[in-house]
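One structure is given below, encoded as C-alpha cells.
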Amino acid sequence: ATIRALKMHGGLDRDHLHMEDIKSLNEGCENLARHVTNLRKFGIPVIVALNSFTSDTEAERHALKEYCSHIGVDIEECNHWAAGGIGAQSLAERVISVTDNDPGEFKFLYSSDEQLMSKIETIAVEIYGADAIDFDSKARRTLDELQDSGYGALPICIAKTPYSFSTDPSLKGAPTGHVLQVREVRLSSGAEFIVVICGAIMTMPGL
C-alpha cells in the first residue's frame with residue numbers, strides 16, 4: 001500500500017496527494033481493508049507493506065499503522081520505491097517470520113467443477129462487492145459455448161481497471177452494490193484459463 005493511493009481512494013485530488021491529509025487517508029483505508037478481507041478469504045496470513053514515499057508525513061504513517069492495528073493486520077514500513085530491493089529486506093524478513101509461525105491453510109475461492117458463470121459470480125460478489133453481472137449478449141454466448149465445449153473446469157481470469165473494485169475507474173474506496181460489466185469472454189487454451197474482459201480496459205499481448 002501507499003499513503004498516496006489511499007488518500008486518492010479517500011477522495012483527495014491527484015494534484016494534492018503530496019499534502020498531508022489524515023481525513024482522506026482514513027476514509028481511503030476502507031479500500032485497504034477490502035484487500036485484506038479478500039486475501040483472508042484464501043486462508044493465508046496477510047501483511048501490509050507500506051511502500052514509503054518522501055511526501056508521507058509522520059502523522060500519516062502513524063494513522064495508517066493505527067488503522068491496521070484496528071483491523072488486526074500486520075504492517076511493515078519499507079522504502080523499495082526509493083532503495084530498490086534492499087529497501088524491502090525488512091519486509092521479506094517479516095513475511096518469513098509470520099509465515100513460519102502461521103503458514104495458514106490455503107483454499108480456493110471456488111471449486112474447479114463449478115459452472116463458469118458461478119465462478120464469475122463468486123469473484124464479482126466476494127472480491128469486487130458487486131450485486132450483479134451485466135453480460136454483453138455476445139460474451140454470454142461465448143461463455144455458454146465454452147462451458148458446453150468442455151472448458152468448464154478452467155479457472156477465471158478477470159481483466160478490469162486496476163483503479164477501482166468496480167468497472168468504473170472513478171469509483172474509489174470499497175464500493176458495493178455495483179454491476180460488473182462484462183463485454184467479452186476469451187479462451188486462453190494454452191495457459192488454461194478463461195479471460196473475462198470487464199468495462200473499458202485494454203489487455204496486454206501476454207494476457
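The chains in the C-alpha cells are called A, B, ... from first to last as shown; in each chain the residues are counted from 1, and the ligands are counted from 1 in the order shown.
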Write out as an mmCIF file with all heavy atoms, in the first residue's frame the residues lying within 12 Å of A:Leu116, counting only C-alpha atoms and excluding same-chain residues fewer than 3 positions away.
```
data_model
loop_
_atom_site.group_PDB
_atom_site.id
_atom_site.type_symbol
_atom_site.label_atom_id
_atom_site.label_comp_id
_atom_site.auth_asym_id
_atom_site.auth_seq_id
_atom_site.Cartn_x
_atom_site.Cartn_y
_atom_site.Cartn_z
ATOM 1 N N TYR A 110 -13.313 -20.864 -5.287
ATOM 2 C CA TYR A 110 -14.357 -21.705 -5.881
ATOM 3 C C TYR A 110 -13.723 -23.027 -6.302
ATOM 4 O O TYR A 110 -12.496 -23.129 -6.435
ATOM 5 C CB TYR A 110 -15.012 -21.024 -7.085
ATOM 6 C CG TYR A 110 -14.033 -20.511 -8.129
ATOM 7 C CD1 TYR A 110 -13.364 -21.387 -8.981
ATOM 8 C CD2 TYR A 110 -13.773 -19.154 -8.263
ATOM 9 C CE1 TYR A 110 -12.471 -20.931 -9.924
ATOM 10 C CE2 TYR A 110 -12.877 -18.680 -9.198
ATOM 11 C CZ TYR A 110 -12.221 -19.577 -10.030
ATOM 12 O OH TYR A 110 -11.321 -19.122 -10.955
ATOM 13 N N SER A 111 -14.540 -24.038 -6.511
ATOM 14 C CA SER A 111 -14.027 -25.337 -6.945
ATOM 15 C C SER A 111 -14.028 -25.410 -8.472
ATOM 16 O O SER A 111 -14.830 -24.743 -9.138
ATOM 17 C CB SER A 111 -14.877 -26.467 -6.370
ATOM 18 O OG SER A 111 -16.198 -26.415 -6.879
ATOM 19 N N SER A 112 -13.144 -26.217 -9.016
ATOM 20 C CA SER A 112 -12.997 -26.294 -10.469
ATOM 21 C C SER A 112 -14.234 -26.873 -11.156
ATOM 22 O O SER A 112 -14.463 -26.605 -12.334
ATOM 23 C CB SER A 112 -11.769 -27.130 -10.836
ATOM 24 O OG SER A 112 -11.893 -28.445 -10.327
ATOM 25 N N ASP A 113 -15.035 -27.640 -10.417
ATOM 26 C CA ASP A 113 -16.199 -28.259 -11.054
ATOM 27 C C ASP A 113 -17.440 -27.367 -11.066
ATOM 28 O O ASP A 113 -18.490 -27.762 -11.569
ATOM 29 C CB ASP A 113 -16.531 -29.598 -10.405
ATOM 30 C CG ASP A 113 -16.805 -29.485 -8.911
ATOM 31 O OD1 ASP A 113 -16.753 -28.358 -8.387
ATOM 32 O OD2 ASP A 113 -17.064 -30.533 -8.284
ATOM 33 N N LYS A 119 -18.481 -19.275 -11.158
ATOM 34 C CA LYS A 119 -17.147 -18.798 -10.775
ATOM 35 C C LYS A 119 -17.047 -17.286 -10.921
ATOM 36 O O LYS A 119 -16.510 -16.596 -10.049
ATOM 37 C CB LYS A 119 -16.081 -19.487 -11.629
ATOM 38 C CG LYS A 119 -15.983 -20.988 -11.415
ATOM 39 C CD LYS A 119 -15.012 -21.610 -12.406
ATOM 40 C CE LYS A 119 -14.972 -23.123 -12.259
ATOM 41 N NZ LYS A 119 -14.074 -23.766 -13.240
ATOM 42 N N ILE A 120 -17.568 -16.779 -12.022
ATOM 43 C CA ILE A 120 -17.538 -15.334 -12.262
ATOM 44 C C ILE A 120 -18.381 -14.612 -11.216
ATOM 45 O O ILE A 120 -17.975 -13.571 -10.677
ATOM 46 C CB ILE A 120 -18.041 -15.002 -13.682
ATOM 47 C CG1 ILE A 120 -17.103 -15.619 -14.719
ATOM 48 C CG2 ILE A 120 -18.126 -13.486 -13.888
ATOM 49 C CD1 ILE A 120 -17.626 -15.542 -16.135
ATOM 50 N N GLU A 121 -19.541 -15.154 -10.910
ATOM 51 C CA GLU A 121 -20.410 -14.548 -9.894
ATOM 52 C C GLU A 121 -19.731 -14.528 -8.525
ATOM 53 O O GLU A 121 -19.849 -13.547 -7.782
ATOM 54 C CB GLU A 121 -21.733 -15.311 -9.818
ATOM 55 C CG GLU A 121 -22.628 -15.099 -11.027
ATOM 56 C CD GLU A 121 -23.860 -15.984 -10.993
ATOM 57 O OE1 GLU A 121 -23.871 -16.969 -10.202
ATOM 58 O OE2 GLU A 121 -24.815 -15.705 -11.757
ATOM 59 N N THR A 122 -19.015 -15.591 -8.187
ATOM 60 C CA THR A 122 -18.312 -15.654 -6.907
ATOM 61 C C THR A 122 -17.275 -14.549 -6.810
ATOM 62 O O THR A 122 -17.175 -13.852 -5.794
ATOM 63 C CB THR A 122 -17.634 -17.024 -6.730
ATOM 64 O OG1 THR A 122 -18.634 -18.038 -6.679
ATOM 65 C CG2 THR A 122 -16.812 -17.065 -5.454
ATOM 66 N N ILE A 123 -16.486 -14.367 -7.870
ATOM 67 C CA ILE A 123 -15.472 -13.311 -7.869
ATOM 68 C C ILE A 123 -16.129 -11.936 -7.784
ATOM 69 O O ILE A 123 -15.692 -11.066 -7.024
ATOM 70 C CB ILE A 123 -14.592 -13.401 -9.131
ATOM 71 C CG1 ILE A 123 -13.843 -14.738 -9.151
ATOM 72 C CG2 ILE A 123 -13.603 -12.241 -9.182
ATOM 73 C CD1 ILE A 123 -13.137 -15.026 -10.455
ATOM 74 N N ARG A 140 -21.960 -13.532 -23.383
ATOM 75 C CA ARG A 140 -22.721 -14.609 -22.732
ATOM 76 C C ARG A 140 -22.783 -15.843 -23.634
ATOM 77 O O ARG A 140 -22.657 -16.986 -23.156
ATOM 78 C CB ARG A 140 -24.125 -14.122 -22.385
ATOM 79 C CG ARG A 140 -24.975 -15.161 -21.641
ATOM 80 C CD ARG A 140 -24.258 -15.634 -20.390
ATOM 81 N NE ARG A 140 -24.849 -16.833 -19.836
ATOM 82 C CZ ARG A 140 -25.730 -16.828 -18.828
ATOM 83 N NH1 ARG A 140 -26.123 -15.680 -18.304
ATOM 84 N NH2 ARG A 140 -26.197 -17.949 -18.360
ATOM 85 N N THR A 142 -20.551 -16.710 -25.859
ATOM 86 C CA THR A 142 -19.210 -17.303 -25.841
ATOM 87 C C THR A 142 -18.997 -18.116 -24.575
ATOM 88 O O THR A 142 -18.453 -19.223 -24.612
ATOM 89 C CB THR A 142 -18.131 -16.202 -25.933
ATOM 90 O OG1 THR A 142 -18.313 -15.454 -27.137
ATOM 91 C CG2 THR A 142 -16.736 -16.813 -25.928
ATOM 92 N N LEU A 143 -19.445 -17.585 -23.450
ATOM 93 C CA LEU A 143 -19.297 -18.292 -22.175
ATOM 94 C C LEU A 143 -20.059 -19.615 -22.210
ATOM 95 O O LEU A 143 -19.537 -20.657 -21.780
ATOM 96 C CB LEU A 143 -19.799 -17.419 -21.024
ATOM 97 C CG LEU A 143 -19.538 -17.963 -19.619
ATOM 98 C CD1 LEU A 143 -18.051 -17.892 -19.289
ATOM 99 C CD2 LEU A 143 -20.337 -17.187 -18.583
ATOM 100 N N ASP A 144 -21.279 -19.594 -22.713
ATOM 101 C CA ASP A 144 -22.087 -20.809 -22.807
ATOM 102 C C ASP A 144 -21.423 -21.834 -23.737
ATOM 103 O O ASP A 144 -21.423 -23.044 -23.456
ATOM 104 C CB ASP A 144 -23.488 -20.481 -23.312
ATOM 105 C CG ASP A 144 -24.303 -19.696 -22.295
ATOM 106 O OD1 ASP A 144 -23.950 -19.730 -21.100
ATOM 107 O OD2 ASP A 144 -25.290 -19.044 -22.704
ATOM 108 N N GLU A 145 -20.854 -21.350 -24.845
ATOM 109 C CA GLU A 145 -20.187 -22.244 -25.790
ATOM 110 C C GLU A 145 -18.961 -22.898 -25.149
ATOM 111 O O GLU A 145 -18.708 -24.095 -25.342
ATOM 112 C CB GLU A 145 -19.774 -21.468 -27.048
ATOM 113 C CG GLU A 145 -20.949 -21.050 -27.921
ATOM 114 C CD GLU A 145 -20.544 -20.063 -29.002
ATOM 115 O OE1 GLU A 145 -19.322 -19.727 -29.068
ATOM 116 O OE2 GLU A 145 -21.421 -19.625 -29.774
ATOM 117 N N LEU A 146 -18.209 -22.134 -24.389
ATOM 118 C CA LEU A 146 -17.030 -22.679 -23.720
ATOM 119 C C LEU A 146 -17.426 -23.711 -22.669
ATOM 120 O O LEU A 146 -16.775 -24.744 -22.518
ATOM 121 C CB LEU A 146 -16.222 -21.547 -23.073
ATOM 122 C CG LEU A 146 -15.524 -20.588 -24.040
ATOM 123 C CD1 LEU A 146 -14.910 -19.410 -23.285
ATOM 124 C CD2 LEU A 146 -14.445 -21.320 -24.832
ATOM 125 N N GLN A 147 -18.501 -23.418 -21.947
ATOM 126 C CA GLN A 147 -18.994 -24.370 -20.948
ATOM 127 C C GLN A 147 -19.404 -25.681 -21.623
ATOM 128 O O GLN A 147 -19.052 -26.775 -21.156
ATOM 129 C CB GLN A 147 -20.185 -23.758 -20.204
ATOM 130 C CG GLN A 147 -20.757 -24.635 -19.093
ATOM 131 C CD GLN A 147 -19.846 -24.749 -17.894
ATOM 132 O OE1 GLN A 147 -19.432 -23.743 -17.335
ATOM 133 N NE2 GLN A 147 -19.535 -25.964 -17.498
ATOM 134 N N ASP A 148 -20.120 -25.569 -22.742
ATOM 135 C CA ASP A 148 -20.623 -26.752 -23.442
ATOM 136 C C ASP A 148 -19.527 -27.503 -24.195
ATOM 137 O O ASP A 148 -19.702 -28.677 -24.549
ATOM 138 C CB ASP A 148 -21.729 -26.356 -24.429
ATOM 139 C CG ASP A 148 -22.961 -25.806 -23.729
ATOM 140 O OD1 ASP A 148 -23.138 -26.096 -22.538
ATOM 141 O OD2 ASP A 148 -23.739 -25.076 -24.389
ATOM 142 N N SER A 149 -18.400 -26.829 -24.442
ATOM 143 C CA SER A 149 -17.321 -27.440 -25.230
ATOM 144 C C SER A 149 -16.255 -28.102 -24.364
ATOM 145 O O SER A 149 -15.200 -28.505 -24.870
ATOM 146 C CB SER A 149 -16.660 -26.380 -26.122
ATOM 147 O OG SER A 149 -17.594 -25.826 -27.018
ATOM 148 N N GLY A 150 -16.510 -28.191 -23.065
ATOM 149 C CA GLY A 150 -15.591 -28.920 -22.199
ATOM 150 C C GLY A 150 -14.555 -28.080 -21.478
ATOM 151 O O GLY A 150 -13.600 -28.623 -20.911
ATOM 152 N N TYR A 151 -14.730 -26.753 -21.486
ATOM 153 C CA TYR A 151 -13.767 -25.884 -20.819
ATOM 154 C C TYR A 151 -14.259 -25.408 -19.446
ATOM 155 O O TYR A 151 -13.680 -24.512 -18.845
ATOM 156 C CB TYR A 151 -13.465 -24.660 -21.692
ATOM 157 C CG TYR A 151 -12.786 -25.001 -22.986
ATOM 158 C CD1 TYR A 151 -13.494 -25.009 -24.190
ATOM 159 C CD2 TYR A 151 -11.436 -25.326 -23.020
ATOM 160 C CE1 TYR A 151 -12.874 -25.323 -25.390
ATOM 161 C CE2 TYR A 151 -10.801 -25.644 -24.223
ATOM 162 C CZ TYR A 151 -11.525 -25.641 -25.400
ATOM 163 O OH TYR A 151 -10.902 -25.966 -26.589
ATOM 164 N N GLY A 152 -15.303 -26.025 -18.955
ATOM 165 C CA GLY A 152 -15.923 -25.563 -17.717
ATOM 166 C C GLY A 152 -15.064 -25.685 -16.473
ATOM 167 O O GLY A 152 -15.306 -25.002 -15.484
ATOM 168 N N ALA A 153 -14.045 -26.548 -16.498
ATOM 169 C CA ALA A 153 -13.199 -26.746 -15.313
ATOM 170 C C ALA A 153 -12.092 -25.705 -15.206
ATOM 171 O O ALA A 153 -11.389 -25.656 -14.186
ATOM 172 C CB ALA A 153 -12.586 -28.146 -15.336
ATOM 173 N N LEU A 154 -11.933 -24.862 -16.233
ATOM 174 C CA LEU A 154 -10.843 -23.879 -16.206
ATOM 175 C C LEU A 154 -11.133 -22.759 -15.214
ATOM 176 O O LEU A 154 -12.286 -22.392 -14.987
ATOM 177 C CB LEU A 154 -10.637 -23.292 -17.605
ATOM 178 C CG LEU A 154 -10.180 -24.261 -18.700
ATOM 179 C CD1 LEU A 154 -9.897 -23.494 -19.980
ATOM 180 C CD2 LEU A 154 -8.943 -25.039 -18.263
ATOM 181 N N PRO A 155 -10.084 -22.167 -14.633
ATOM 182 C CA PRO A 155 -10.263 -21.024 -13.736
ATOM 183 C C PRO A 155 -10.523 -19.740 -14.508
ATOM 184 O O PRO A 155 -10.312 -19.675 -15.727
ATOM 185 C CB PRO A 155 -8.921 -20.957 -12.988
ATOM 186 C CG PRO A 155 -7.940 -21.541 -13.939
ATOM 187 C CD PRO A 155 -8.680 -22.615 -14.695
ATOM 188 N N ILE A 156 -10.961 -18.722 -13.790
ATOM 189 C CA ILE A 156 -11.335 -17.441 -14.390
ATOM 190 C C ILE A 156 -10.245 -16.393 -14.144
ATOM 191 O O ILE A 156 -9.723 -16.263 -13.036
ATOM 192 C CB ILE A 156 -12.659 -16.917 -13.783
ATOM 193 C CG1 ILE A 156 -13.792 -17.921 -14.014
ATOM 194 C CG2 ILE A 156 -13.014 -15.540 -14.352
ATOM 195 C CD1 ILE A 156 -14.124 -18.156 -15.464
ATOM 196 N N CYS A 157 -9.894 -15.666 -15.190
ATOM 197 C CA CYS A 157 -9.004 -14.502 -15.071
ATOM 198 C C CYS A 157 -9.815 -13.283 -15.499
ATOM 199 O O CYS A 157 -10.242 -13.186 -16.651
ATOM 200 C CB CYS A 157 -7.780 -14.664 -15.964
ATOM 201 S SG CYS A 157 -6.721 -13.197 -16.039
ATOM 202 N N VAL A 185 -15.570 -12.386 -23.563
ATOM 203 C CA VAL A 185 -15.008 -13.576 -22.921
ATOM 204 C C VAL A 185 -14.062 -14.235 -23.913
ATOM 205 O O VAL A 185 -14.414 -14.429 -25.083
ATOM 206 C CB VAL A 185 -16.113 -14.570 -22.496
ATOM 207 C CG1 VAL A 185 -15.491 -15.866 -21.965
ATOM 208 C CG2 VAL A 185 -17.014 -13.952 -21.442
ATOM 209 N N LEU A 187 -10.954 -17.422 -24.566
ATOM 210 C CA LEU A 187 -10.327 -18.659 -24.115
ATOM 211 C C LEU A 187 -8.822 -18.563 -24.303
ATOM 212 O O LEU A 187 -8.345 -18.275 -25.401
ATOM 213 C CB LEU A 187 -10.870 -19.844 -24.917
ATOM 214 C CG LEU A 187 -10.113 -21.173 -24.736
ATOM 215 C CD1 LEU A 187 -10.252 -21.684 -23.304
ATOM 216 C CD2 LEU A 187 -10.605 -22.205 -25.740
ATOM 217 N N PHE A 193 -6.975 -20.914 -18.920
ATOM 218 C CA PHE A 193 -7.942 -20.153 -18.146
ATOM 219 C C PHE A 193 -8.853 -19.370 -19.078
ATOM 220 O O PHE A 193 -8.560 -19.207 -20.261
ATOM 221 C CB PHE A 193 -7.288 -19.227 -17.110
ATOM 222 C CG PHE A 193 -6.209 -18.310 -17.639
ATOM 223 C CD1 PHE A 193 -6.522 -17.165 -18.342
ATOM 224 C CD2 PHE A 193 -4.871 -18.583 -17.381
ATOM 225 C CE1 PHE A 193 -5.532 -16.310 -18.801
ATOM 226 C CE2 PHE A 193 -3.874 -17.723 -17.830
ATOM 227 C CZ PHE A 193 -4.202 -16.591 -18.540
ATOM 228 N N ILE A 194 -9.966 -18.935 -18.524
ATOM 229 C CA ILE A 194 -10.950 -18.146 -19.261
ATOM 230 C C ILE A 194 -10.757 -16.684 -18.881
ATOM 231 O O ILE A 194 -10.774 -16.335 -17.695
ATOM 232 C CB ILE A 194 -12.393 -18.575 -18.913
ATOM 233 C CG1 ILE A 194 -12.594 -20.085 -19.122
ATOM 234 C CG2 ILE A 194 -13.399 -17.757 -19.722
ATOM 235 C CD1 ILE A 194 -12.466 -20.540 -20.549
ATOM 236 N N VAL A 195 -10.562 -15.821 -19.884
ATOM 237 C CA VAL A 195 -10.370 -14.390 -19.635
ATOM 238 C C VAL A 195 -11.700 -13.669 -19.803
ATOM 239 O O VAL A 195 -12.337 -13.764 -20.852
ATOM 240 C CB VAL A 195 -9.332 -13.785 -20.593
ATOM 241 C CG1 VAL A 195 -9.117 -12.308 -20.268
ATOM 242 C CG2 VAL A 195 -8.008 -14.539 -20.497
ATOM 243 N N VAL A 196 -12.107 -12.975 -18.754
ATOM 244 C CA VAL A 196 -13.357 -12.211 -18.762
ATOM 245 C C VAL A 196 -13.006 -10.731 -18.799
ATOM 246 O O VAL A 196 -12.427 -10.193 -17.844
ATOM 247 C CB VAL A 196 -14.202 -12.544 -17.518
ATOM 248 C CG1 VAL A 196 -15.490 -11.731 -17.517
ATOM 249 C CG2 VAL A 196 -14.511 -14.033 -17.465
#
```
- Near A:Asp131, counting only C-alpha atoms, which residues have an atom at most 12 Å away, once you skip same-chain residues fewer than 5 positions from it, shown as number ranges by chain? A: 121-126, 166, 175-181
- Message: Applying 9 Å and only C-alpha atoms, which residues near stretch 73-80 of chain A remain after dropping the ones on its own chain fewer than 5 positions away? List them as a PyMOL selection string.
- Response: chain A and resi 36+45-53+61+64-65+67-68+85-91+94
- Query: Of the candidates A:Gly43, A:Gly72, A:Gly129, A:Pro205, which shows the shortest atom-to-atom distance to A:Ser164, using only C-alpha atoms?
  - Reply: A:Gly129
- Using DSSP on the backbone, list every residue of stretch 27-197 of chain A that comes out as helix (DSSP H, G or I), and give them as a ChimeraX atom specification. /A:27-40,58-70,80-101,116-126,137-151
- Task: Step one, run DSSP on the backbone; step two, keep only residues of stretch 50-204 of chain A assigned to strand (DSSP E or B); then write them as number ranges by chain.
- Result: A: 50-51, 74-78, 130-135, 156-159, 178-188, 193-198
- Message: Quick check, in Å to one decimal: how far apart do atom CA of A:Lys160 and atom CA of A:Arg34 lie?
- Response: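 Computed distance, atom CA of A:Lys160 to atom CA of A:Arg34, equals 17.0 Å.
From atom CA of A:Gly173 back to atom CA of A:Met19, the distance works out to 19.1 Å.
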- Message: If I take atom CA of A:Glu20 and atom CA of A:Ala1, how far is one from the other in Å, to one decimal?
- Response: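 It comes out at 16.5 Å.
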- Task: Do a neighbour search on A:Tyr163 at 8 Å with only C-alpha atoms, toss out local chain neighbours closer than 6 positions, and write the hits as JSON, numbers by chain.
- Result: {"A": [169, 170, 172]}
Written selection (C-alpha atoms) as a compact mmCIF listing (two decimals), in the first residue's frame:
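Writing the result to result-v3.txt gives the following:
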```txt
# COMPACT_ATOMS: atom_id res chain seq x y z
CA PRO A 169 -12.23 3.73 -12.55
CA SER A 170 -13.70 6.83 -10.89
CA LYS A 172 -12.95 4.80 -5.37
```
Taking 6 positions as the minimum chain separation for residues in the same chain, which residues sit within 9 Å of stretch 9-11 of chain A when counting only C-alpha atoms? Answer as an mmCIF file with all heavy atoms, in the first residue's frame.
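The resulting file, part-v5.cif, is shown below:
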```
data_model
loop_
_atom_site.group_PDB
_atom_site.id
_atom_site.type_symbol
_atom_site.label_atom_id
_atom_site.label_comp_id
_atom_site.auth_asym_id
_atom_site.auth_seq_id
_atom_site.Cartn_x
_atom_site.Cartn_y
_atom_site.Cartn_z
ATOM 1 N N LYS A 23 -7.702 12.947 7.092
ATOM 2 C CA LYS A 23 -9.103 12.612 6.852
ATOM 3 C C LYS A 23 -9.253 11.750 5.592
ATOM 4 O O LYS A 23 -9.915 10.715 5.615
ATOM 5 C CB LYS A 23 -9.937 13.882 6.727
ATOM 6 C CG LYS A 23 -11.436 13.641 6.497
ATOM 7 C CD LYS A 23 -12.200 14.963 6.483
ATOM 8 C CE LYS A 23 -13.694 14.735 6.292
ATOM 9 N NZ LYS A 23 -13.998 14.211 4.934
ATOM 10 N N SER A 24 -8.636 12.192 4.495
ATOM 11 C CA SER A 24 -8.712 11.422 3.249
ATOM 12 C C SER A 24 -8.046 10.062 3.403
ATOM 13 O O SER A 24 -8.529 9.054 2.874
ATOM 14 C CB SER A 24 -8.051 12.195 2.103
ATOM 15 O OG SER A 24 -8.797 13.348 1.776
ATOM 16 N N LEU A 25 -6.947 10.030 4.139
ATOM 17 C CA LEU A 25 -6.245 8.775 4.366
ATOM 18 C C LEU A 25 -7.140 7.782 5.107
ATOM 19 O O LEU A 25 -7.281 6.619 4.700
ATOM 20 C CB LEU A 25 -4.960 9.017 5.156
ATOM 21 C CG LEU A 25 -4.203 7.782 5.619
ATOM 22 C CD1 LEU A 25 -3.735 6.950 4.427
ATOM 23 C CD2 LEU A 25 -3.011 8.178 6.495
ATOM 24 N N ASN A 26 -7.753 8.229 6.189
ATOM 25 C CA ASN A 26 -8.615 7.344 6.977
ATOM 26 C C ASN A 26 -9.803 6.840 6.161
ATOM 27 O O ASN A 26 -10.191 5.666 6.261
ATOM 28 C CB ASN A 26 -9.110 8.060 8.231
ATOM 29 C CG ASN A 26 -8.032 8.168 9.293
ATOM 30 O OD1 ASN A 26 -7.142 7.323 9.368
ATOM 31 N ND2 ASN A 26 -8.098 9.204 10.108
ATOM 32 N N GLU A 27 -10.378 7.729 5.342
ATOM 33 C CA GLU A 27 -11.509 7.317 4.517
ATOM 34 C C GLU A 27 -11.069 6.347 3.420
ATOM 35 O O GLU A 27 -11.789 5.404 3.084
ATOM 36 C CB GLU A 27 -12.189 8.543 3.910
ATOM 37 C CG GLU A 27 -12.900 9.401 4.950
ATOM 38 C CD GLU A 27 -13.542 10.652 4.349
ATOM 39 O OE1 GLU A 27 -13.403 10.854 3.121
ATOM 40 O OE2 GLU A 27 -14.174 11.411 5.116
ATOM 41 N N GLY A 28 -9.867 6.566 2.885
ATOM 42 C CA GLY A 28 -9.361 5.689 1.829
ATOM 43 C C GLY A 28 -8.941 4.322 2.332
ATOM 44 O O GLY A 28 -8.831 3.372 1.554
ATOM 45 N N CYS A 29 -8.724 4.214 3.638
ATOM 46 C CA CYS A 29 -8.296 2.940 4.211
ATOM 47 C C CYS A 29 -9.348 1.847 4.068
ATOM 48 O O CYS A 29 -9.031 0.658 4.222
ATOM 49 C CB CYS A 29 -7.929 3.124 5.686
ATOM 50 S SG CYS A 29 -6.235 3.712 5.938
ATOM 51 N N GLU A 30 -10.593 2.205 3.769
ATOM 52 C CA GLU A 30 -11.601 1.175 3.531
ATOM 53 C C GLU A 30 -11.231 0.343 2.304
ATOM 54 O O GLU A 30 -11.582 -0.831 2.209
ATOM 55 C CB GLU A 30 -12.983 1.790 3.368
ATOM 56 C CG GLU A 30 -13.178 2.643 2.138
ATOM 57 C CD GLU A 30 -14.620 3.136 1.987
ATOM 58 O OE1 GLU A 30 -15.445 2.871 2.878
ATOM 59 O OE2 GLU A 30 -14.912 3.772 0.950
ATOM 60 N N ASN A 31 -10.479 0.949 1.366
ATOM 61 C CA ASN A 31 -10.006 0.198 0.207
ATOM 62 C C ASN A 31 -8.975 -0.842 0.644
ATOM 63 O O ASN A 31 -9.016 -1.998 0.214
ATOM 64 C CB ASN A 31 -9.398 1.162 -0.820
ATOM 65 C CG ASN A 31 -8.859 0.441 -2.042
ATOM 66 O OD1 ASN A 31 -7.685 0.069 -2.078
ATOM 67 N ND2 ASN A 31 -9.700 0.254 -3.047
ATOM 68 N N TYR A 163 -8.018 0.609 -10.972
ATOM 69 C CA TYR A 163 -8.247 1.796 -10.150
ATOM 70 C C TYR A 163 -9.476 1.712 -9.254
ATOM 71 O O TYR A 163 -9.736 2.600 -8.462
ATOM 72 C CB TYR A 163 -8.362 3.033 -11.052
ATOM 73 C CG TYR A 163 -7.096 3.302 -11.828
ATOM 74 C CD1 TYR A 163 -7.086 3.207 -13.219
ATOM 75 C CD2 TYR A 163 -5.903 3.610 -11.183
ATOM 76 C CE1 TYR A 163 -5.923 3.436 -13.938
ATOM 77 C CE2 TYR A 163 -4.742 3.831 -11.897
ATOM 78 C CZ TYR A 163 -4.756 3.747 -13.269
ATOM 79 O OH TYR A 163 -3.598 3.955 -13.977
ATOM 80 N N SER A 164 -10.247 0.637 -9.397
ATOM 81 C CA SER A 164 -11.465 0.511 -8.611
ATOM 82 C C SER A 164 -11.840 -0.959 -8.477
ATOM 83 O O SER A 164 -11.454 -1.788 -9.307
ATOM 84 C CB SER A 164 -12.616 1.263 -9.290
ATOM 85 O OG SER A 164 -13.846 1.040 -8.616
ATOM 86 N N LEU A 171 -14.804 5.219 -9.420
ATOM 87 C CA LEU A 171 -15.491 4.784 -8.202
ATOM 88 C C LEU A 171 -14.451 4.257 -7.219
ATOM 89 O O LEU A 171 -14.003 3.113 -7.310
ATOM 90 C CB LEU A 171 -16.514 3.710 -8.545
ATOM 91 C CG LEU A 171 -17.619 3.415 -7.520
ATOM 92 C CD1 LEU A 171 -18.386 4.682 -7.178
ATOM 93 C CD2 LEU A 171 -18.560 2.347 -8.051
ATOM 94 N N LYS A 172 -14.061 5.108 -6.271
ATOM 95 C CA LYS A 172 -12.952 4.796 -5.367
ATOM 96 C C LYS A 172 -13.436 4.133 -4.083
ATOM 97 O O LYS A 172 -14.621 3.900 -3.877
ATOM 98 C CB LYS A 172 -12.186 6.083 -5.029
ATOM 99 C CG LYS A 172 -11.681 6.864 -6.221
ATOM 100 C CD LYS A 172 -10.743 6.049 -7.087
ATOM 101 C CE LYS A 172 -10.151 6.882 -8.225
ATOM 102 N NZ LYS A 172 -9.352 6.073 -9.155
ATOM 103 N N GLY A 173 -12.461 3.839 -3.198
ATOM 104 C CA GLY A 173 -12.778 3.254 -1.905
ATOM 105 C C GLY A 173 -13.102 1.777 -2.019
ATOM 106 O O GLY A 173 -12.385 1.008 -2.659
ATOM 107 N N ALA A 174 -14.175 1.368 -1.367
ATOM 108 C CA ALA A 174 -14.610 -0.039 -1.382
ATOM 109 C C ALA A 174 -16.082 -0.100 -1.744
ATOM 110 O O ALA A 174 -16.934 -0.406 -0.913
ATOM 111 C CB ALA A 174 -14.355 -0.686 -0.025
#
```
